[in-house]
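Since the structure comes first, as structure tokens, the remarks are kept for the end.
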Amino acid sequence: MLEFASIIASTLNIKIAQVEAVLNLLNEAATIPFIARYRKDKTGGLDEVQIQQIQDQSKLLKEFRERKTFIEKTITEQGKMTDALQTKINAATTITELEDIYLPYKPKRKTKAQTARENGLEPLSTLLLAQNDIDVNEEAKAFINEKIKTVDEALQGARDIIAELINEDANVRAKLRKLFEDTATLQSKVLSDKETEAIKYKDYFDFSEAIYKIPSHRILAVLRGFLEGFLRMNIAPLEEDALELIEKLYITASLNSSVEQVKKAIKDSYKRLLQPSLETEFRTALKTKADEEAITVFAENLKQLLLSSPLGSKRILAIDPGYRTGCKVVCLNEKGDLQINDVIYIHEANKKYDAEYKIKELVAKYDIEVFAIGDGTAGRETEQFIKQMQLGKPIFLVNEDGASVYSASEIAREEFPEYDITVRGSVSIGRRLMDPLAELVKIDPKSIGVGQYQHDVNQFRLKERLDQTVVSCVNQVGVNLNTASKHLLSYVSGIGATLAENIIKHRNEIGKFTDRNQLLKVPRLGGKAFEQCAGFLRIKEAVNPLDASSVHPEAYMLVEKIAKDLNTEIKLLIGNENLLKQIDSKKYITEEIGELTIKDILNELKKPGLDPRSELEQFEYANIFSMEDVKVGMVVPGVVTNITRFGAFVDIGVKQDGLVHVSEIAHQYITDPSEVLKLNDKVQVKVLEVDTARKRIALSIKQTQEAPTRSSQKLGVKSRESGDRSSKPTAHKDLGELNLNDALSALKNRFKK
């Protein structure tokens, strides 16, 4: 891969030495989190995003090299390779250029041009291409034979050969491709008799937009309508512009009968071969671009969700609310272990007293510190029921997205084989409040409702990016080696599912880890895996206090030397800012450990094992519980639940998320809501419109702000815990548009649990 270093460095505007260092480390099976955290001196401080880009670029270049080798081999085996052709291939810098060069030599099904050649019409096509002023009908008569019966058939065959020649001309394709890029539009029309069925695609019944500026959500919306059989779509520039471009390349004489034949061939080549081929190419390219943007939105939201504020170790009473089937109640200890489960009925007057008695009894018996209530169906009502009991305990509404998926999963069955899905769901709600990251890693990221068009995008690429996001978040936070589940451990750098299971088994055997070096006794966990994972695994109350920090074991000797030079012990050095200020970092630089690493170590010694996530704060909704309570002009608090490119969805506590269109987020012009908002931000919103019949609420953030300053718009930096809304009717977040009315049409109910 090192031969790609200079190309990658130029593409990403990174020094060649940095790229080479990353490629070498990747070749040595180092993980991206490990490289970013513990090999800064080698990479010059590159972050995870840059390292990932280097890896992605390397893969693309490898694919390019393999395709180039295949094409050269195929053409050579055909006996058609020439010095000029090899020069063209060597000059190609993209897969597209390679494919254009390869097209004439690519094995293909029998074409009209091949049939015409077999019928002896190639000389006639050559004659026509010369564009001399001749009688083409007379010339064509000479080619009539048992297979070619008429002059028209002869001329048609000759034009077929010319059309294919034009289609396979790499120069023509390159210039047409540029024309498509600059001027083509994506157009869609509703199929006749489909207007009623296709009503959700109403904005695209007669739609046209230049492809160079169309946003990803509109591309995906049109493609979905097309694939569902509601819309016709095409991508093309003006036909006359395309024909004029080709004629400039192929018409070399004044108008005569030969030129007329070539013009016909040009038109046929464009409409039958070039335009459909390039349309397919651009449809694929637009889809890929839209996929990447949608996947990026999903990954950004997922990262923010996974890094939601944790409550920490508390004794929790968790409730999964319900009407007819009752509320499922569980009590968890500080470790998240299930103590007891029960069911209460708070929506039936004759059972409320029993429910109150049972809750008070559980609170007293298990010394409950906090209530966690699922925010789905009946969530607000359950919250009010607990509040009116005045037990003096904090109450948190917990986002339920994916809870039902977890409850029915193999992971949940393995954790709680003797309990049904209702109990598992309640446990998940409680544990999410304790530590969102530790619980959400058990759920397929696609089941967490923070994406845009996640079912339409490339599923392999989606999974790849989301898995990368989970890995990044887990390693950024770090993992408690003695309490982590195998699912959380499996995302730690260098571990994976098998080693995670082996660690759990070993932990069960020894009771708990007291030293990072004990990891080396775990079956199949060798030196390389230890190097990759050790720094991300924490052992609280370990023999060596550094085991509770992110200081890597390979740097322990350095810390010991620093402590010795300061005439103190490591445990007294940790957290002692006065001592740490005395350290001259340059004094400890060696060939193995450079200044960037030493700086990281000193920062870690100041606050070892610090959780990068913000502290959890309580949040209070307004005294509204259903859409009927929501009135235009109200200003109410809300929580950002999803961010798309066209706006943000905000939960105001009425079982229906409202949409803040991108134009209503900030006073200054923004193109992306994530410039201002993050998932779980607490915001004040003004109600602009309420459509109860269609379950739509339009909101504004900027209309609640007096001064158009960035600081006043960046509302809410601490968040409540968040997770799945599969149980909560909310807005459909896929068909948003760039104006408010269109954006409102994006809103529709999600399915209920």
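Residue numbering restarts at 1 for every chain of the structure tokens, chains are lettered A, B, ... in their displayed order, and ligands are numbered from 1 as they appear.
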
Stretch 669-672 of chain A: which residues within 9 Å, counting only C-alpha atoms, same-chain residues fewer than 4 positions away excluded, as a PyMOL selection string?
chain A and resi 644-647+662-663+665+676

From a backbone DSSP assignment, name each residue in stretch 216-302 of chain A labelled helix (DSSP H, G or I), as a VMD selection string. chain A and resid 216 to 227 239 to 250 257 to 302

With only C-alpha atoms as the counted atoms, please give the residues lying no more than 12 Å from A:Lys271, apart from itself and same-chain residues fewer than 2 positions off, as a PDB file with C-alpha atoms, in the first residue's frame.
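Saved to part-v7.pdb:
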```pdb
ATOM      1  CA  ALA A 163     -23.148   4.662 -33.698  1.00  0.00           C
ATOM      2  CA  GLU A 164     -21.206   2.015 -31.792  1.00  0.00           C
ATOM      3  CA  ILE A 166     -19.126   6.965 -31.319  1.00  0.00           C
ATOM      4  CA  ASN A 167     -20.452   5.260 -28.184  1.00  0.00           C
ATOM      5  CA  ALA A 236     -30.120  14.170 -19.061  1.00  0.00           C
ATOM      6  CA  PRO A 237     -28.959  17.521 -20.422  1.00  0.00           C
ATOM      7  CA  LEU A 238     -30.808  19.168 -23.333  1.00  0.00           C
ATOM      8  CA  GLU A 239     -30.672  16.740 -26.241  1.00  0.00           C
ATOM      9  CA  GLU A 240     -29.715  19.444 -28.742  1.00  0.00           C
ATOM     10  CA  ALA A 242     -25.501  16.783 -26.494  1.00  0.00           C
ATOM     11  CA  LEU A 243     -25.953  16.286 -30.248  1.00  0.00           C
ATOM     12  CA  LYS A 264     -28.455  10.187 -38.131  1.00  0.00           C
ATOM     13  CA  ALA A 265     -25.889   7.805 -36.675  1.00  0.00           C
ATOM     14  CA  ILE A 266     -24.903  10.425 -34.072  1.00  0.00           C
ATOM     15  CA  LYS A 267     -28.517  10.905 -32.995  1.00  0.00           C
ATOM     16  CA  ASP A 268     -29.059   7.150 -32.803  1.00  0.00           C
ATOM     17  CA  SER A 269     -25.820   6.672 -30.864  1.00  0.00           C
ATOM     18  CA  LEU A 273     -26.472   4.023 -26.414  1.00  0.00           C
ATOM     19  CA  LEU A 274     -24.818   7.062 -24.854  1.00  0.00           C
ATOM     20  CA  GLN A 275     -27.715   8.743 -23.051  1.00  0.00           C
ATOM     21  CA  PRO A 276     -29.039   5.546 -21.377  1.00  0.00           C
ATOM     22  CA  SER A 277     -25.504   4.516 -20.428  1.00  0.00           C
ATOM     23  CA  LEU A 278     -24.588   7.886 -18.942  1.00  0.00           C
ATOM     24  CA  GLU A 279     -27.973   8.208 -17.258  1.00  0.00           C
TER      25      GLU A 279
END
```

Which residues, written as JSON, numbers by chain, have at least one atom at most 12 Å from A:Ile346, with only C-alpha atoms counted and residues fewer than 5 positions away on the same chain left out? {"A": [319, 321, 322, 323, 324, 325, 326, 327, 328, 329, 351, 352, 353, 354, 355, 356, 357, 358, 359, 378, 379, 381, 382, 383, 384, 385, 386]}

Exercise for review: Name the closest residue to A:Asp467 among the candidates A:Gln582, A:Thr498, A:Gln86, A:Ser490; distances are taken between atoms, counting only C-alpha atoms.
Suggested key: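 Checking each candidate against A:Asp467, we get A:Ser490 as the closest.
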
### Query
Rounded to one decimal in Å, what is the spacing between atom CA of A:Phe396 and atom CA of A:Arg613?
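Separating atom CA of A:Phe396 from atom CA of A:Arg613 is a distance of 17.7 Å.
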
As a check of understanding: the span from atom CA of A:Glu410 to atom CA of A:Ala438 is 16.7 Å

Each residue of stretch 60-137 of chain A lying at most 8 Å from stretch 260-263 of chain A should get a row with its shortest atom-to-atom pair and the distance in Å to one decimal, counting only C-alpha atoms; could you produce that, ordered by chain and increasing number, as a Markdown table?
```
| residue | atom | partner | partner_atom | distance |
| --- | --- | --- | --- | --- |
| A:Leu128 | CA | A:Val262 | CA | 6.8 |
| A:Leu129 | CA | A:Val262 | CA | 6.6 |
| A:Gln131 | CA | A:Val262 | CA | 7.9 |
```

Using N, CA and C atoms, can you export the residues from the last selection as a PDB file, in the first residue's frame?
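What follows is the written file selection_19.pdb:
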```pdb
ATOM      1  N   LEU A 128     -18.902   6.369 -45.375  1.00  0.00           N
ATOM      2  CA  LEU A 128     -19.784   7.434 -44.880  1.00  0.00           C
ATOM      3  C   LEU A 128     -19.042   8.367 -43.930  1.00  0.00           C
ATOM      4  N   LEU A 129     -18.170   7.804 -43.082  1.00  0.00           N
ATOM      5  CA  LEU A 129     -17.429   8.620 -42.119  1.00  0.00           C
ATOM      6  C   LEU A 129     -16.443   9.571 -42.803  1.00  0.00           C
ATOM      7  N   GLN A 131     -17.226  11.329 -45.220  1.00  0.00           N
ATOM      8  CA  GLN A 131     -18.114  12.475 -45.441  1.00  0.00           C
ATOM      9  C   GLN A 131     -17.867  13.181 -46.780  1.00  0.00           C
TER      10      GLN A 131
END
```

Q | Who sits within 8 Å of A:Gln454, only C-alpha atoms, same chain under 6 positions skipped, as number ranges by chain | A | A: 294-295, 298, 446, 462

Print the selection's residues with C-alpha atoms to a file, as a PDB file, in the first residue's frame.
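Written out: again_22.pdb:
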```
ATOM      1  CA  ALA A 294     -27.491  10.097   4.439  1.00  0.00           C
ATOM      2  CA  ILE A 295     -25.104   7.613   6.063  1.00  0.00           C
ATOM      3  CA  PHE A 298     -26.974   8.747  10.521  1.00  0.00           C
ATOM      4  CA  LYS A 446     -30.115   0.686  12.202  1.00  0.00           C
ATOM      5  CA  LEU A 462     -24.276   1.753   6.180  1.00  0.00           C
TER       6      LEU A 462
END
```

- prompt: stretch 360-366 of chain A: which residues within 8 Å, counting only C-alpha atoms, same-chain residues fewer than 4 positions away excluded, as a ChimeraX atom specification?
  reply: /A:315,317,331,333,356

Contact residues around A:Tyr105 with only C-alpha atoms at 9 Å, ignoring same-chain residues under 5 positions, as a PyMOL selection string
chain A and resi 71+74-75+78+80

Counting only C-alpha atoms, the option among A:Glu66, A:Ile583, A:Pro417, A:Glu591 closest to A:Lys561:
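Checking each of A:Glu66, A:Ile583, A:Pro417, A:Glu591 against A:Lys561, counting only C-alpha atoms, the winner is A:Ile583.
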
Judged by only C-alpha atoms, the minimum distance to A:Gln518 among A:Leu176, A:Ile697, A:Val635, A:Ala534 is found for A:Ala534

Q) Using only C-alpha atoms, which of the listed residues (A:Leu179, A:Leu679, A:Val450, A:Val474) sits closest to A:Asp611? A)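 Of A:Leu179, A:Leu679, A:Val450, A:Val474, the one nearest A:Asp611, counting only C-alpha atoms, is A:Val474.
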
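Going from atom CA of A:Lys442 over to atom CA of A:His487, you cover 6.2 Å.
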
* Members of stretch 164-394 of chain A assigned strand (DSSP E) by DSSP, as a ChimeraX atom specification -> /A:185-190,206-210,231-236,316-320,327-332,338-344,370-374

Include C-alpha atoms and write out the residues we just selected as an mmCIF file, in the first residue's frame.
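Writing done, so here's result_25.cif:
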```
data_model
loop_
_atom_site.group_PDB
_atom_site.id
_atom_site.type_symbol
_atom_site.label_atom_id
_atom_site.label_comp_id
_atom_site.auth_asym_id
_atom_site.auth_seq_id
_atom_site.Cartn_x
_atom_site.Cartn_y
_atom_site.Cartn_z
ATOM 1 C CA THR A 185 -31.327 17.730 -14.672
ATOM 2 C CA LEU A 186 -33.045 15.011 -12.698
ATOM 3 C CA GLN A 187 -36.671 14.945 -13.796
ATOM 4 C CA SER A 188 -39.605 12.967 -12.467
ATOM 5 C CA LYS A 189 -43.276 12.645 -13.370
ATOM 6 C CA VAL A 190 -46.029 10.624 -11.781
ATOM 7 C CA ASP A 206 -43.704 17.135 -12.100
ATOM 8 C CA PHE A 207 -40.233 17.802 -10.793
ATOM 9 C CA SER A 208 -36.937 18.968 -12.272
ATOM 10 C CA GLU A 209 -33.678 20.061 -10.650
ATOM 11 C CA ALA A 210 -30.076 20.383 -11.797
ATOM 12 C CA LEU A 231 -42.646 7.883 -10.730
ATOM 13 C CA ARG A 232 -40.869 8.022 -14.066
ATOM 14 C CA MET A 233 -37.442 9.565 -13.851
ATOM 15 C CA ASN A 234 -34.654 10.486 -16.177
ATOM 16 C CA ILE A 235 -31.327 12.295 -15.996
ATOM 17 C CA ALA A 236 -30.120 14.170 -19.061
ATOM 18 C CA ILE A 316 -33.188 2.553 39.590
ATOM 19 C CA LEU A 317 -36.874 1.749 39.357
ATOM 20 C CA ALA A 318 -37.562 1.499 35.617
ATOM 21 C CA ILE A 319 -41.029 1.520 34.072
ATOM 22 C CA ASP A 320 -42.076 0.531 30.579
ATOM 23 C CA CYS A 327 -46.870 -0.710 33.200
ATOM 24 C CA LYS A 328 -43.963 -3.153 33.494
ATOM 25 C CA VAL A 329 -41.823 -2.305 36.518
ATOM 26 C CA VAL A 330 -38.302 -3.499 37.373
ATOM 27 C CA CYS A 331 -35.854 -2.594 40.120
ATOM 28 C CA LEU A 332 -32.131 -2.542 39.312
ATOM 29 C CA LEU A 338 -32.383 -7.107 37.987
ATOM 30 C CA GLN A 339 -33.747 -7.336 41.544
ATOM 31 C CA ILE A 340 -37.473 -7.790 40.968
ATOM 32 C CA ASN A 341 -40.156 -7.233 38.320
ATOM 33 C CA ASP A 342 -43.869 -6.521 38.537
ATOM 34 C CA VAL A 343 -46.835 -4.946 36.713
ATOM 35 C CA ILE A 344 -48.956 -2.004 37.850
ATOM 36 C CA VAL A 370 -34.068 7.361 40.599
ATOM 37 C CA PHE A 371 -37.063 6.623 38.350
ATOM 38 C CA ALA A 372 -36.548 5.796 34.655
ATOM 39 C CA ILE A 373 -39.709 5.899 32.535
ATOM 40 C CA GLY A 374 -39.916 4.954 28.857
#
```
